[in-house]
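Okay, data-v5.cif now, which holds mmCIF, C-alpha atoms:
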```cif
data_upload
loop_
_atom_site.label_atom_id
_atom_site.label_comp_id
_atom_site.auth_asym_id
_atom_site.auth_seq_id
_atom_site.Cartn_x
_atom_site.Cartn_y
_atom_site.Cartn_z
CA MET A 1 0.00 0.00 0.00
CA THR A 2 1.36 3.42 -0.92
CA THR A 3 0.94 6.53 1.17
CA ASP A 4 1.82 9.08 -1.48
CA PRO A 5 0.94 12.38 0.24
CA ALA A 6 0.16 15.51 -1.71
CA PRO A 7 2.77 18.30 -1.86
CA ARG A 8 2.12 20.81 0.90
CA SER A 9 1.66 23.62 -1.62
CA ARG A 10 -1.24 21.87 -3.35
CA PRO A 11 -4.63 20.81 -1.95
CA VAL A 12 -5.19 17.15 -1.15
CA THR A 13 -7.47 15.56 -3.76
CA LEU A 14 -9.56 12.41 -3.99
CA GLU A 15 -6.74 10.87 -6.01
CA HIS A 16 -4.26 11.40 -3.15
CA VAL A 17 -6.65 9.76 -0.70
CA ALA A 18 -7.29 6.87 -3.11
CA ARG A 19 -3.55 6.20 -3.49
CA ALA A 20 -3.04 6.41 0.28
CA ALA A 21 -5.87 3.93 0.89
CA GLY A 22 -5.01 1.65 -2.04
CA VAL A 23 -8.54 1.89 -3.44
CA SER A 24 -10.20 3.54 -6.42
CA ARG A 25 -11.20 7.19 -6.59
CA ALA A 26 -14.81 6.04 -6.95
CA THR A 27 -14.61 4.15 -3.64
CA VAL A 28 -13.26 7.25 -1.89
CA SER A 29 -16.09 9.30 -3.35
CA ARG A 30 -18.69 6.80 -2.18
CA VAL A 31 -17.30 6.85 1.37
CA ILE A 32 -17.19 10.65 1.50
CA ASN A 33 -20.74 10.86 0.17
CA GLY A 34 -21.96 8.50 2.89
CA GLU A 35 -23.15 5.65 0.71
CA ALA A 36 -24.20 2.73 2.92
CA THR A 37 -23.16 0.02 0.42
CA VAL A 38 -19.40 0.47 0.90
CA ASP A 39 -17.65 -2.56 2.41
CA PRO A 40 -16.78 -1.75 6.06
CA ARG A 41 -13.16 -2.81 5.53
CA LEU A 42 -12.76 -0.43 2.59
CA ARG A 43 -14.57 2.33 4.49
CA LYS A 44 -12.05 1.99 7.33
CA LEU A 45 -9.11 2.16 4.90
CA VAL A 46 -10.51 5.33 3.33
CA GLU A 47 -11.25 6.99 6.68
CA GLU A 48 -7.69 6.26 7.85
CA ALA A 49 -6.29 7.67 4.60
CA ILE A 50 -8.41 10.82 4.98
CA ALA A 51 -6.93 11.32 8.46
CA ARG A 52 -3.34 10.72 7.25
CA THR A 53 -3.58 13.05 4.27
CA SER A 54 -5.66 15.71 6.07
CA TYR A 55 -8.09 15.69 3.18
CA VAL A 56 -10.84 18.32 3.44
CA PRO A 57 -13.92 17.66 1.27
CA ASN A 58 -15.26 20.41 -0.94
CA ARG A 59 -18.46 20.85 1.00
CA ALA A 60 -20.16 23.12 -1.51
CA ALA A 61 -19.64 20.65 -4.33
CA ARG A 62 -20.59 17.69 -2.16
CA SER A 63 -23.79 19.36 -0.97
CA LEU A 64 -24.91 19.87 -4.57
CA VAL A 65 -24.63 16.12 -5.11
CA THR A 66 -25.88 14.77 -1.78
CA ARG A 67 -28.26 17.59 -0.78
CA ARG A 68 -26.78 17.35 2.71
CA THR A 69 -25.25 19.91 5.04
CA ASP A 70 -22.71 17.54 6.65
CA SER A 71 -23.80 18.77 10.05
CA VAL A 72 -26.02 17.41 12.82
CA ALA A 73 -27.56 19.09 15.83
CA LEU A 74 -26.93 17.96 19.40
CA VAL A 75 -30.02 19.34 21.13
CA VAL A 76 -30.20 19.54 24.91
CA SER A 77 -33.81 19.98 25.95
CA GLU A 78 -34.56 21.36 29.40
CA GLN A 79 -37.87 21.70 31.17
CA GLU A 80 -37.83 25.45 31.65
CA ARG A 81 -35.89 28.51 30.66
CA ARG A 82 -32.73 29.18 32.68
CA ASP A 83 -30.60 32.28 32.95
CA VAL A 84 -27.33 31.89 30.99
CA THR A 85 -25.47 32.00 34.31
CA GLY A 86 -27.84 29.50 35.90
CA PRO A 87 -27.20 25.89 36.85
CA PHE A 88 -28.51 24.27 33.66
CA VAL A 89 -26.22 26.06 31.23
CA GLY A 90 -23.33 25.68 33.64
CA ARG A 91 -24.07 21.98 34.04
CA ILE A 92 -23.57 21.37 30.30
CA PHE A 93 -19.94 22.41 30.69
CA THR A 94 -19.30 20.89 34.13
CA ASP A 95 -21.29 17.62 34.18
CA PRO A 96 -19.03 14.90 32.75
CA TYR A 97 -22.01 13.28 31.01
CA PHE A 98 -22.33 15.92 28.30
CA GLY A 99 -18.64 15.86 27.48
CA ARG A 100 -18.71 12.07 27.24
CA VAL A 101 -21.68 12.19 24.85
CA LEU A 102 -19.88 14.68 22.63
CA THR A 103 -16.72 12.55 22.67
CA GLY A 104 -18.64 9.49 21.51
CA LEU A 105 -20.45 11.39 18.76
CA LEU A 106 -17.24 12.93 17.41
CA GLU A 107 -15.52 9.55 17.35
CA VAL A 108 -17.92 8.49 14.60
CA LEU A 109 -18.82 11.80 12.95
CA ARG A 110 -15.43 13.52 12.73
CA PRO A 111 -13.84 11.02 10.31
CA ARG A 112 -16.84 11.56 8.03
CA GLY A 113 -16.31 15.33 8.04
CA ILE A 114 -19.60 15.94 9.85
CA GLN A 115 -19.87 18.90 12.20
CA VAL A 116 -21.85 18.89 15.46
CA MET A 117 -23.90 21.96 16.40
CA LEU A 118 -24.88 22.30 20.07
CA THR A 119 -28.18 24.00 20.80
CA LEU A 120 -30.48 24.35 23.81
CA ALA A 121 -34.28 24.24 23.98
CA ASP A 122 -35.86 25.22 27.27
CA ASP A 123 -39.25 26.82 26.60
CA GLU A 124 -42.03 26.92 24.01
CA ALA A 125 -40.50 29.79 22.06
CA SER A 126 -37.05 28.20 21.83
CA ARG A 127 -38.57 24.86 20.79
CA ALA A 128 -40.58 26.53 18.02
CA GLN A 129 -37.50 28.43 16.85
CA LEU A 130 -35.44 25.24 16.88
CA LEU A 131 -38.02 23.24 14.91
CA GLY A 132 -38.24 25.97 12.30
CA TYR A 133 -34.46 26.00 11.95
CA LEU A 134 -34.27 22.21 11.66
CA GLN A 135 -37.05 21.99 9.09
CA GLN A 136 -35.35 24.57 6.89
CA GLY A 137 -32.66 21.99 6.16
CA HIS A 138 -29.77 23.52 8.12
CA VAL A 139 -28.76 20.10 9.53
CA ASP A 140 -29.09 16.51 8.36
CA GLY A 141 -30.30 15.06 11.66
CA VAL A 142 -30.65 15.45 15.41
CA VAL A 143 -29.33 13.75 18.53
CA LEU A 144 -31.68 14.79 21.33
CA ILE A 145 -30.85 14.75 25.03
CA SER A 146 -34.28 15.07 26.59
CA SER A 147 -34.55 14.06 30.22
CA HIS A 148 -37.89 15.33 31.47
CA ALA A 149 -41.06 13.27 31.26
CA GLN A 150 -43.29 16.14 30.08
CA ASP A 151 -40.92 17.38 27.38
CA PRO A 152 -42.95 17.84 24.15
CA LEU A 153 -39.86 17.96 21.89
CA PRO A 154 -39.56 14.20 21.20
CA GLY A 155 -43.17 14.14 20.01
CA LEU A 156 -42.70 17.28 17.93
CA LEU A 157 -39.57 15.85 16.32
CA SER A 158 -41.31 12.57 15.52
CA ARG A 159 -43.82 14.48 13.38
CA THR A 160 -41.08 15.91 11.16
CA ALA A 161 -39.23 14.10 8.39
CA LEU A 162 -35.88 14.74 10.04
CA PRO A 163 -33.70 11.78 11.10
CA ALA A 164 -33.40 11.78 14.91
CA VAL A 165 -32.05 9.66 17.75
CA LEU A 166 -32.88 10.10 21.44
CA ALA A 167 -30.19 9.79 24.10
CA ALA A 168 -32.54 7.86 26.41
CA ARG A 169 -35.82 6.01 26.34
CA PRO A 170 -38.66 8.57 26.17
CA ALA A 171 -41.27 8.69 28.92
CA ALA A 172 -44.12 8.13 26.46
CA PRO A 173 -44.09 5.83 23.41
CA THR A 174 -42.60 7.81 20.53
CA PRO A 175 -41.71 6.57 17.02
CA LEU A 176 -38.08 7.63 17.42
CA THR A 177 -34.98 5.50 17.80
CA TYR A 178 -33.27 5.75 21.19
CA VAL A 179 -30.11 4.50 22.88
CA ASP A 180 -30.17 3.86 26.62
CA VAL A 181 -28.68 1.78 29.40
CA ASP A 182 -30.75 -0.66 31.45
CA GLN A 183 -31.34 1.67 34.41
CA ARG A 184 -33.09 -0.87 36.64
CA ALA A 185 -30.35 -3.44 36.07
CA GLY A 186 -27.82 -0.84 37.17
CA ALA A 187 -29.78 -0.09 40.33
CA LEU A 188 -29.91 -3.83 41.04
CA LEU A 189 -26.11 -4.01 40.82
CA ALA A 190 -25.84 -1.19 43.38
CA ALA A 191 -28.30 -2.88 45.76
CA GLU A 192 -26.52 -6.22 45.56
CA ARG A 193 -23.15 -4.59 46.20
CA LEU A 194 -24.29 -2.78 49.35
CA LEU A 195 -25.94 -5.92 50.71
CA ALA A 196 -22.86 -8.01 49.92
CA GLU A 197 -20.80 -5.52 51.93
CA GLY A 198 -23.01 -6.22 54.93
CA ARG A 199 -24.94 -2.95 54.90
CA ARG A 200 -28.37 -3.15 56.50
CA ARG A 201 -29.50 0.47 57.01
CA ILE A 202 -29.45 1.52 53.39
CA ALA A 203 -30.73 4.76 51.86
CA THR A 204 -30.59 6.35 48.43
CA ILE A 205 -30.17 9.80 46.93
CA ALA A 206 -32.31 9.85 43.77
CA GLY A 207 -32.16 12.14 40.78
CA PRO A 208 -35.00 14.53 39.87
CA GLN A 209 -38.22 12.55 39.77
CA ASP A 210 -39.52 14.35 36.69
CA MET A 211 -36.81 12.50 34.76
CA PRO A 212 -37.60 8.94 33.59
CA LEU A 213 -34.04 7.67 34.10
CA ALA A 214 -34.05 8.94 37.69
CA GLN A 215 -37.42 7.31 38.31
CA GLU A 216 -36.10 4.00 36.95
CA ARG A 217 -32.97 4.09 39.10
CA LEU A 218 -34.99 4.82 42.24
CA SER A 219 -37.76 2.28 41.62
CA GLY A 220 -35.27 -0.37 40.52
CA PHE A 221 -33.16 0.11 43.64
CA ARG A 222 -36.10 0.05 46.05
CA ALA A 223 -37.64 -3.00 44.32
CA ALA A 224 -34.35 -4.89 44.49
CA LEU A 225 -34.01 -4.21 48.22
CA ALA A 226 -37.67 -5.03 48.90
CA GLU A 227 -37.20 -8.42 47.24
CA ARG A 228 -34.30 -9.01 49.63
CA GLY A 229 -36.17 -8.10 52.81
CA HIS A 230 -35.59 -4.33 52.97
CA ALA A 231 -39.01 -2.85 52.35
CA ASP A 232 -38.37 0.55 53.94
CA VAL A 233 -35.63 2.42 52.06
CA PRO A 234 -35.25 6.10 53.02
CA TRP A 235 -34.66 8.34 50.06
CA THR A 236 -34.32 11.96 49.10
CA GLU A 237 -33.86 13.81 45.86
CA GLY A 238 -31.09 15.84 44.23
CA ASP A 239 -30.72 17.49 40.83
CA PHE A 240 -27.65 15.58 39.63
CA THR A 241 -25.26 18.35 40.76
CA GLN A 242 -22.49 17.96 43.33
CA ALA A 243 -24.02 20.58 45.63
CA SER A 244 -27.40 18.83 45.66
CA GLY A 245 -25.72 15.53 46.55
CA GLY A 246 -24.04 17.17 49.52
CA ALA A 247 -27.30 18.73 50.70
CA ALA A 248 -29.20 15.47 50.28
CA MET A 249 -26.61 13.57 52.31
CA LYS A 250 -26.83 16.17 55.06
CA TRP A 251 -30.61 15.62 55.20
CA LEU A 252 -30.22 11.84 55.31
CA LEU A 253 -27.77 12.04 58.21
CA ALA A 254 -30.14 14.30 60.12
CA GLU A 255 -33.21 12.13 59.52
CA HIS A 256 -31.51 8.70 59.53
CA PRO A 257 -28.28 9.00 61.52
CA ASP A 258 -27.78 5.22 61.56
CA VAL A 259 -27.49 4.94 57.75
CA ASP A 260 -24.57 2.68 56.76
CA GLY A 261 -24.96 2.41 52.98
CA VAL A 262 -26.07 4.85 50.28
CA PHE A 263 -26.77 4.46 46.58
CA VAL A 264 -26.43 7.82 44.82
CA ALA A 265 -28.04 8.18 41.39
CA ASN A 266 -25.01 9.75 39.72
CA ASP A 267 -21.31 10.17 40.47
CA LEU A 268 -21.40 13.95 40.69
CA MET A 269 -23.98 13.84 43.49
CA ALA A 270 -22.01 11.00 45.11
CA LEU A 271 -18.93 13.24 45.19
CA GLY A 272 -20.95 15.82 47.12
CA ALA A 273 -22.37 13.14 49.42
CA VAL A 274 -18.91 11.79 50.30
CA THR A 275 -17.70 15.32 51.08
CA THR A 276 -20.63 15.78 53.47
CA LEU A 277 -19.89 12.45 55.15
CA HIS A 278 -16.28 13.45 55.73
CA ARG A 279 -17.38 16.76 57.25
CA ALA A 280 -19.78 14.89 59.55
CA GLY A 281 -16.93 12.68 60.77
CA ARG A 282 -18.20 9.56 58.98
CA ARG A 283 -15.59 7.29 57.42
CA VAL A 284 -16.15 5.98 53.90
CA PRO A 285 -16.60 3.04 53.58
CA GLU A 286 -16.02 1.93 57.21
CA ASP A 287 -19.04 3.84 58.56
CA VAL A 288 -21.01 4.48 55.38
CA ALA A 289 -20.50 2.71 52.05
CA VAL A 290 -21.32 4.75 48.95
CA VAL A 291 -22.12 3.50 45.44
CA GLY A 292 -22.61 5.90 42.53
CA PHE A 293 -23.85 5.64 38.97
CA ASP A 294 -22.06 6.57 35.70
CA ASP A 295 -18.37 5.74 36.16
CA SER A 296 -17.39 9.28 35.21
CA VAL A 297 -14.30 11.31 36.10
CA SER A 298 -16.11 12.29 39.31
CA ALA A 299 -15.75 8.69 40.50
CA LEU A 300 -11.96 9.00 40.35
CA ALA A 301 -11.99 12.51 41.84
CA CYS A 302 -13.77 11.13 44.90
CA ASP A 303 -11.79 10.35 48.08
CA PRO A 304 -11.86 7.40 48.38
CA PRO A 305 -12.38 6.49 44.71
CA LEU A 306 -16.00 5.66 44.08
CA THR A 307 -17.54 2.25 43.54
CA THR A 308 -20.07 2.91 40.79
CA VAL A 309 -22.38 1.47 38.18
CA ARG A 310 -20.81 2.01 34.78
CA GLN A 311 -22.89 3.11 31.84
CA PRO A 312 -20.69 3.17 28.72
CA VAL A 313 -21.65 6.71 27.68
CA GLU A 314 -19.03 7.11 24.96
CA GLU A 315 -20.00 3.78 23.36
CA MET A 316 -23.68 4.70 23.65
CA ALA A 317 -23.10 8.07 21.98
CA ALA A 318 -21.10 6.45 19.20
CA GLU A 319 -24.04 4.11 18.60
CA MET A 320 -26.37 7.14 18.49
CA ALA A 321 -24.16 8.62 15.77
CA ARG A 322 -24.15 5.37 13.78
CA LEU A 323 -27.93 5.03 14.02
CA LEU A 324 -28.38 8.64 12.95
CA LEU A 325 -26.08 8.17 9.94
CA ARG A 326 -28.02 5.06 8.91
CA GLN A 327 -31.23 7.08 8.95
CA ILE A 328 -29.66 9.92 6.99
CA GLU A 329 -28.18 7.60 4.38
CA SER A 330 -31.07 5.17 3.95
CA ARG A 331 -34.09 7.22 5.03
CA GLU A 332 -35.08 4.13 7.03
CA ARG A 333 -36.70 5.04 10.33
CA PRO A 334 -37.29 4.45 13.02
CA LEU A 335 -34.50 1.91 13.42
CA PRO A 336 -34.56 -0.58 16.31
CA SER A 337 -33.51 1.05 19.57
CA VAL A 338 -30.44 -0.14 21.46
CA VAL A 339 -30.18 -0.77 25.22
CA PHE A 340 -26.70 -1.26 26.71
CA HIS A 341 -25.97 -3.37 29.77
CA PRO A 342 -24.43 -1.70 32.85
CA SER A 343 -21.60 -3.14 34.91
CA LEU A 344 -20.26 -2.57 38.42
CA VAL A 345 -16.85 -0.97 38.89
CA VAL A 346 -15.60 -1.73 42.40
CA ARG A 347 -13.29 0.79 44.03
CA GLN A 348 -12.77 1.84 47.64
CA SER A 349 -15.97 3.68 48.63
CA GLY A 350 -18.15 0.64 49.08
#
```
Could you express the structure from this file as structure tokens?
Amino acid sequence: MTTDPAPRSRPVTLEHVARAAGVSRATVSRVINGEATVDPRLRKLVEEAIARTSYVPNRAARSLVTRRTDSVALVVSEQERRDVTGPFVGRIFTDPYFGRVLTGLLEVLRPRGIQVMLTLADDEASRAQLLGYLQQGHVDGVVLISSHAQDPLPGLLSRTALPAVLAARPAAPTPLTYVDVDQRAGALLAAERLLAEGRRRIATIAGPQDMPLAQERLSGFRAALAERGHADVPWTEGDFTQASGGAAMKWLLAEHPDVDGVFVANDLMALGAVTTLHRAGRRVPEDVAVVGFDDSVSALACDPPLTTVRQPVEEMAAEMARLLLRQIESRERPLPSVVFHPSLVVRQSG
């Protein structure tokens, strides 16, 4: 295989990429234009050659042929409007989840030369503006992060012709493809771990109960403990931020001072909970074992490092990107949804 690069003074062409990949110019063109019939092995060779030669497609010419924009929207839908300095906008840039989703999307989309546009929708006016923008053909498809049960955006999107993938199972049946993790199975892993560690006075800090995933984690955890003889499980609610986890743990200690095990519905809240336990003079895990959910960077930032339920967010986001591309290329939708299996990562907190 030759890797004949183009001279630096001249633009890289399809011919350069074809020589670098050892394939025909036509095959390179088919890969760049997103044709689904290309052999996966040849597609990989071409994508690697594109990266090596730094080839940049002529987007204007390509759009004339494909009628595509080579861009997709990552839409984060919130329940209500927030000030730009408020917790929601700040959470997008501080919560590890959003960064992990973007990493997984780019892993698949970047080699194809597809750009990702981030946009927020948090009230009726912004949703209407977004839908108008999308329907005008500015993007080829949408990945939607919509967490709240009453969010109308999944239903509104399903009535358009735009390819779309949801980043979690919707609260109501919607003819859209989604990618999720088995939330209840993850909660079961947390319950079994705390019981195996000999914890008997177990509580949980749930996520916001207007979010389906938070409801599933709470109900799954309580059901798992009830089946094992623990019918009364104290719980309180946070908003998936570190500060709310700390405040929730403070409430639990005040109301249930004998608690010896806690399942926290995400790692960021667990980090806040562990900080509160330290301040209260409780040792982790000797006095109180803590299990989180996500396996994010917050789990490693915790002291001690956090035992947590891992959801493979990057792999899930990459699958969202692949499903979206299949819809864009074939116009087949909805495609079958995909549910990933969680796993337990055991560290020192419980």
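Between CA of Ala172 in chain A and CA of Leu188 in chain A there is a distance of 23.6 Å.
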*asked:* Could you list, as a PyMOL selection string, every residue matched by the PyMOL selection byres ((chain A and resi 156) around 12) in this structure?
replied: chain A and resi 124+127-128+130-132+134-135+144+151-155+157-162+164+174-176
*Pick from A:Ala301, A:Leu42, A:Ala51, A:Ala254, whichever lies nearest to Gly272 in chain A using only C-alpha atoms*: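 For Gly272 in chain A, the nearest of the given residues is A:Ala301.
Nearest-residue note for Thr37 in chain A: choosing from A:Glu216, A:Gly229, A:Ser337, A:Ser330, the minimum distance belongs to A:Ser330, counting all atoms listed in the file.
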*Residue members of the PyMOL selection byres ((chain A and resi 287-298) around 8) in the file shown, as a ChimeraX atom specification*: /A:96-97,186,190,194,199,259-268,270-271,274,282-286,299-302,306-312,345,349-350
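Across the model, the gap from CA of Met316 in chain A to CA of Arg110 in chain A is 16.3 Å.
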